[in-house]
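Chemist: The structure that follows is given in the form of structure tokens.
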Amino acid sequence: MRFPASLFLLTAATAFGQTAVSSRLENSPRHREWVKVKSGDREVSCFITYPEVAGPAPAVVVIHEIFGLTDWARSVTDQLAEHGYVAIAPDLLSAMAPGGGGTAAFGSRDAAVKAVSALPADQVTADLNAVTDYVAHLPACNGKVAVAGFCWGGGQSFRFATRRLDLRAAFVFYGPPPKTEDLAQIHCPVYGFYAGNDARISATVPATAAAMKAAGKTYEPVTYGGAGHGFMRAGEDDNASPANRQAMDAGWKRWLELLGRVTQG
């Protein structure tokens, strides 16, 4: 089931978003739309953006922050599509709000945060599996799918890599690691993007690196000095700190280079 993206511009994703980001979404030349993906007895609303390319392209599943599916998370799909990737961002709060709505129906950031924090892990995995299957089988996709997440979504990206064996890579933006005993189940490289001023998350990196090495897994973390948690979003603010802006620019550069590497062949 597909819906024109223009019908959804005034959602809570806009309410929780950034003005410049919303403007970029509205003015993007790329095709984007909302789709409904079946996940068991649930339907997951997803925002998908297509690249302007001649043939099938790799795909990226974008997992939103703890704020739910915001304009910023949707804008990430557009930026990825600009660089040649089919990008899909599921609203993991789909049908979780009063009345059966998703992020838009919560009406405030605090309510969305509380709801995301309470999402059942098995439900999140099932939804991500359904969305990955959906995008992998689109005619516009060549079947190669990576996953990326931010904040809460970063942790989910890392955890999903322990559950999904055919991912090309997992990109973890300032998210916590999964349980150490689950790391042996990872079959793809994991790339971490961390903030120097974010000890709550960054302090976990050395132990995670040691555990991944012991498990024989590829884990390449980079920490951006002076940046704070959420720098990929905060770096886009008009009043962004130099460290956050530099980390965002460096993060995008590294991410795109790695995506190009893991989706070749």
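Order determines the names: the first chain of the structure tokens is A, the second B, and so forth; residues in each chain are numbered 1 upward, and ligands are numbered 1 upward as they are shown.
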Extract, using only C-alpha atoms, all DNA, RNA and protein residues at most 12 Å from range 92-100 of chain A, discarding same-chain residues fewer than 2 positions from it, and format them as a PyMOL selection string.

Modeler: chain A and resi 12-13+35-39+41-47+62-70+89-90+102-108+111-131+152-153+156

Chemist: I'd like the contact shell of Gly251 in chain A - 10 Å cut-off, only C-alpha atoms, skipping same-chain residues fewer than 4 positions apart - returned as an NGL selection string.

Modeler: :A and (173 or 192-194 or 222-224 or 231-232 or 245-247 or 255-257)

Chemist: For the residues in the current selection, export N, CA, C and O atoms as an mmCIF file, in the first residue's frame.

Modeler:
data_model
loop_
_atom_site.group_PDB
_atom_site.id
_atom_site.type_symbol
_atom_site.label_atom_id
_atom_site.label_comp_id
_atom_site.auth_asym_id
_atom_site.auth_seq_id
_atom_site.Cartn_x
_atom_site.Cartn_y
_atom_site.Cartn_z
ATOM 1 N N PHE A 173 25.515 4.375 14.921
ATOM 2 C CA PHE A 173 25.800 5.756 15.281
ATOM 3 C C PHE A 173 25.417 5.972 16.741
ATOM 4 O O PHE A 173 24.250 5.980 17.103
ATOM 5 N N GLY A 192 31.282 1.550 13.772
ATOM 6 C CA GLY A 192 30.765 2.419 14.819
ATOM 7 C C GLY A 192 31.176 3.871 14.632
ATOM 8 O O GLY A 192 32.292 4.163 14.182
ATOM 9 N N PHE A 193 30.275 4.771 14.989
ATOM 10 C CA PHE A 193 30.490 6.219 14.912
ATOM 11 C C PHE A 193 30.114 6.790 16.282
ATOM 12 O O PHE A 193 28.932 6.777 16.652
ATOM 13 N N TYR A 194 31.105 7.278 17.013
ATOM 14 C CA TYR A 194 30.869 7.664 18.396
ATOM 15 C C TYR A 194 31.340 9.087 18.668
ATOM 16 O O TYR A 194 32.183 9.630 17.954
ATOM 17 N N VAL A 222 35.017 4.485 15.301
ATOM 18 C CA VAL A 222 35.708 5.773 15.234
ATOM 19 C C VAL A 222 35.017 6.719 16.210
ATOM 20 O O VAL A 222 33.784 6.801 16.227
ATOM 21 N N THR A 223 35.796 7.413 17.008
ATOM 22 C CA THR A 223 35.255 8.390 17.954
ATOM 23 C C THR A 223 35.672 9.785 17.523
ATOM 24 O O THR A 223 36.858 10.040 17.268
ATOM 25 N N TYR A 224 34.698 10.684 17.449
ATOM 26 C CA TYR A 224 34.945 12.050 16.983
ATOM 27 C C TYR A 224 35.084 12.978 18.189
ATOM 28 O O TYR A 224 34.122 13.255 18.906
ATOM 29 N N PHE A 231 25.393 13.794 17.146
ATOM 30 C CA PHE A 231 26.055 14.798 16.298
ATOM 31 C C PHE A 231 25.615 14.746 14.836
ATOM 32 O O PHE A 231 25.693 15.746 14.132
ATOM 33 N N MET A 232 25.140 13.604 14.360
ATOM 34 C CA MET A 232 24.700 13.551 12.968
ATOM 35 C C MET A 232 23.461 14.417 12.752
ATOM 36 O O MET A 232 23.260 14.975 11.670
ATOM 37 N N ARG A 245 29.495 19.806 13.935
ATOM 38 C CA ARG A 245 29.414 19.952 12.480
ATOM 39 C C ARG A 245 30.541 19.178 11.793
ATOM 40 O O ARG A 245 30.336 18.514 10.782
ATOM 41 N N GLN A 246 31.734 19.264 12.356
ATOM 42 C CA GLN A 246 32.863 18.533 11.776
ATOM 43 C C GLN A 246 32.648 17.028 11.882
ATOM 44 O O GLN A 246 32.956 16.277 10.949
ATOM 45 N N ALA A 247 32.105 16.566 13.027
ATOM 46 C CA ALA A 247 31.847 15.139 13.201
ATOM 47 C C ALA A 247 30.778 14.669 12.221
ATOM 48 O O ALA A 247 30.881 13.573 11.649
ATOM 49 N N TRP A 255 30.798 7.137 6.189
ATOM 50 C CA TRP A 255 29.657 6.252 5.968
ATOM 51 C C TRP A 255 29.481 5.939 4.478
ATOM 52 O O TRP A 255 29.346 4.791 4.085
ATOM 53 N N LEU A 256 29.529 6.978 3.657
ATOM 54 C CA LEU A 256 29.339 6.766 2.224
ATOM 55 C C LEU A 256 30.482 5.950 1.618
ATOM 56 O O LEU A 256 30.257 5.104 0.743
ATOM 57 N N GLU A 257 31.700 6.183 2.098
ATOM 58 C CA GLU A 257 32.827 5.398 1.604
ATOM 59 C C GLU A 257 32.656 3.924 1.975
ATOM 60 O O GLU A 257 32.899 3.021 1.159
#

Chemist: Apply DSSP to the backbone of this structure and, from range 44-168 of chain A, keep only the residues in helix (DSSP H, G or I); write these as an MDAnalysis selection string.

Modeler: chainID A and resid 71:82 103:106 109:117 121:136 152:161

Chemist: Tell me which protein, DNA and RNA residues are within 10 Å of range 132-142 of chain A, counting only C-alpha atoms, leaving out same-chain ones fewer than 4 positions away, and put them as a list of chain:residue names.

Modeler: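 Once the adjacent positions are removed, what remains is A:Lys36, A:Val37, A:Lys38, A:Ile48, A:Tyr50, A:Pro51, A:Val53, A:Ala54, A:Gly55, A:Pro56, A:Ala57, A:Pro58, A:Ala59, A:Val60, A:Val61, A:Tyr85, A:Val86, A:Ala87, A:Ile88, A:Pro90, A:Ala126, A:Asp127, A:Leu128, A:Ala146, A:Val147, A:Arg164, A:Asp166, A:Leu167, A:Thr263.
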
Chemist: May I have the residues from that selection written out with C-alpha atoms, as an mmCIF file, in the first residue's frame?

Modeler:
data_model
loop_
_atom_site.group_PDB
_atom_site.id
_atom_site.type_symbol
_atom_site.label_atom_id
_atom_site.label_comp_id
_atom_site.auth_asym_id
_atom_site.auth_seq_id
_atom_site.Cartn_x
_atom_site.Cartn_y
_atom_site.Cartn_z
ATOM 1 C CA LYS A 36 2.829 -0.101 4.588
ATOM 2 C CA VAL A 37 4.838 -3.257 5.268
ATOM 3 C CA LYS A 38 3.197 -6.323 6.775
ATOM 4 C CA ILE A 48 11.170 5.299 1.392
ATOM 5 C CA TYR A 50 14.529 6.203 -4.359
ATOM 6 C CA PRO A 51 17.773 7.243 -6.058
ATOM 7 C CA VAL A 53 19.826 5.813 -11.143
ATOM 8 C CA ALA A 54 19.498 3.655 -14.242
ATOM 9 C CA GLY A 55 19.433 0.215 -12.617
ATOM 10 C CA PRO A 56 18.774 -1.616 -9.342
ATOM 11 C CA ALA A 57 20.656 -0.170 -6.376
ATOM 12 C CA PRO A 58 21.707 -1.321 -2.894
ATOM 13 C CA ALA A 59 19.399 -0.448 -0.015
ATOM 14 C CA VAL A 60 19.805 0.903 3.493
ATOM 15 C CA VAL A 61 17.320 0.362 6.315
ATOM 16 C CA TYR A 85 20.876 4.081 -2.433
ATOM 17 C CA VAL A 86 17.285 2.999 -1.940
ATOM 18 C CA ALA A 87 16.666 4.072 1.650
ATOM 19 C CA ILE A 88 13.756 3.066 3.851
ATOM 20 C CA PRO A 90 10.347 2.294 9.290
ATOM 21 C CA ALA A 126 10.208 -8.807 13.477
ATOM 22 C CA ASP A 127 9.464 -5.342 12.069
ATOM 23 C CA LEU A 128 13.044 -4.857 10.888
ATOM 24 C CA ALA A 146 22.729 -2.668 4.957
ATOM 25 C CA VAL A 147 21.278 -1.333 8.194
ATOM 26 C CA ARG A 164 19.884 -11.079 10.478
ATOM 27 C CA ASP A 166 22.386 -11.576 5.174
ATOM 28 C CA LEU A 167 23.101 -7.912 5.970
ATOM 29 C CA THR A 263 27.799 -3.072 -1.432
#

Chemist: How many Å lie between CA of Leu165 in chain A and CA of Ile186 in chain A, rounded to one decimal?

Modeler: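 Going from CA of Leu165 in chain A over to CA of Ile186 in chain A, I get 6.9 Å.
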
Chemist: When distances are computed from only C-alpha atoms, which of A:Gly226, A:Arg74, A:Arg233, A:Leu80 shows the smallest separation from Cys151 in chain A?

Modeler: A:Arg233
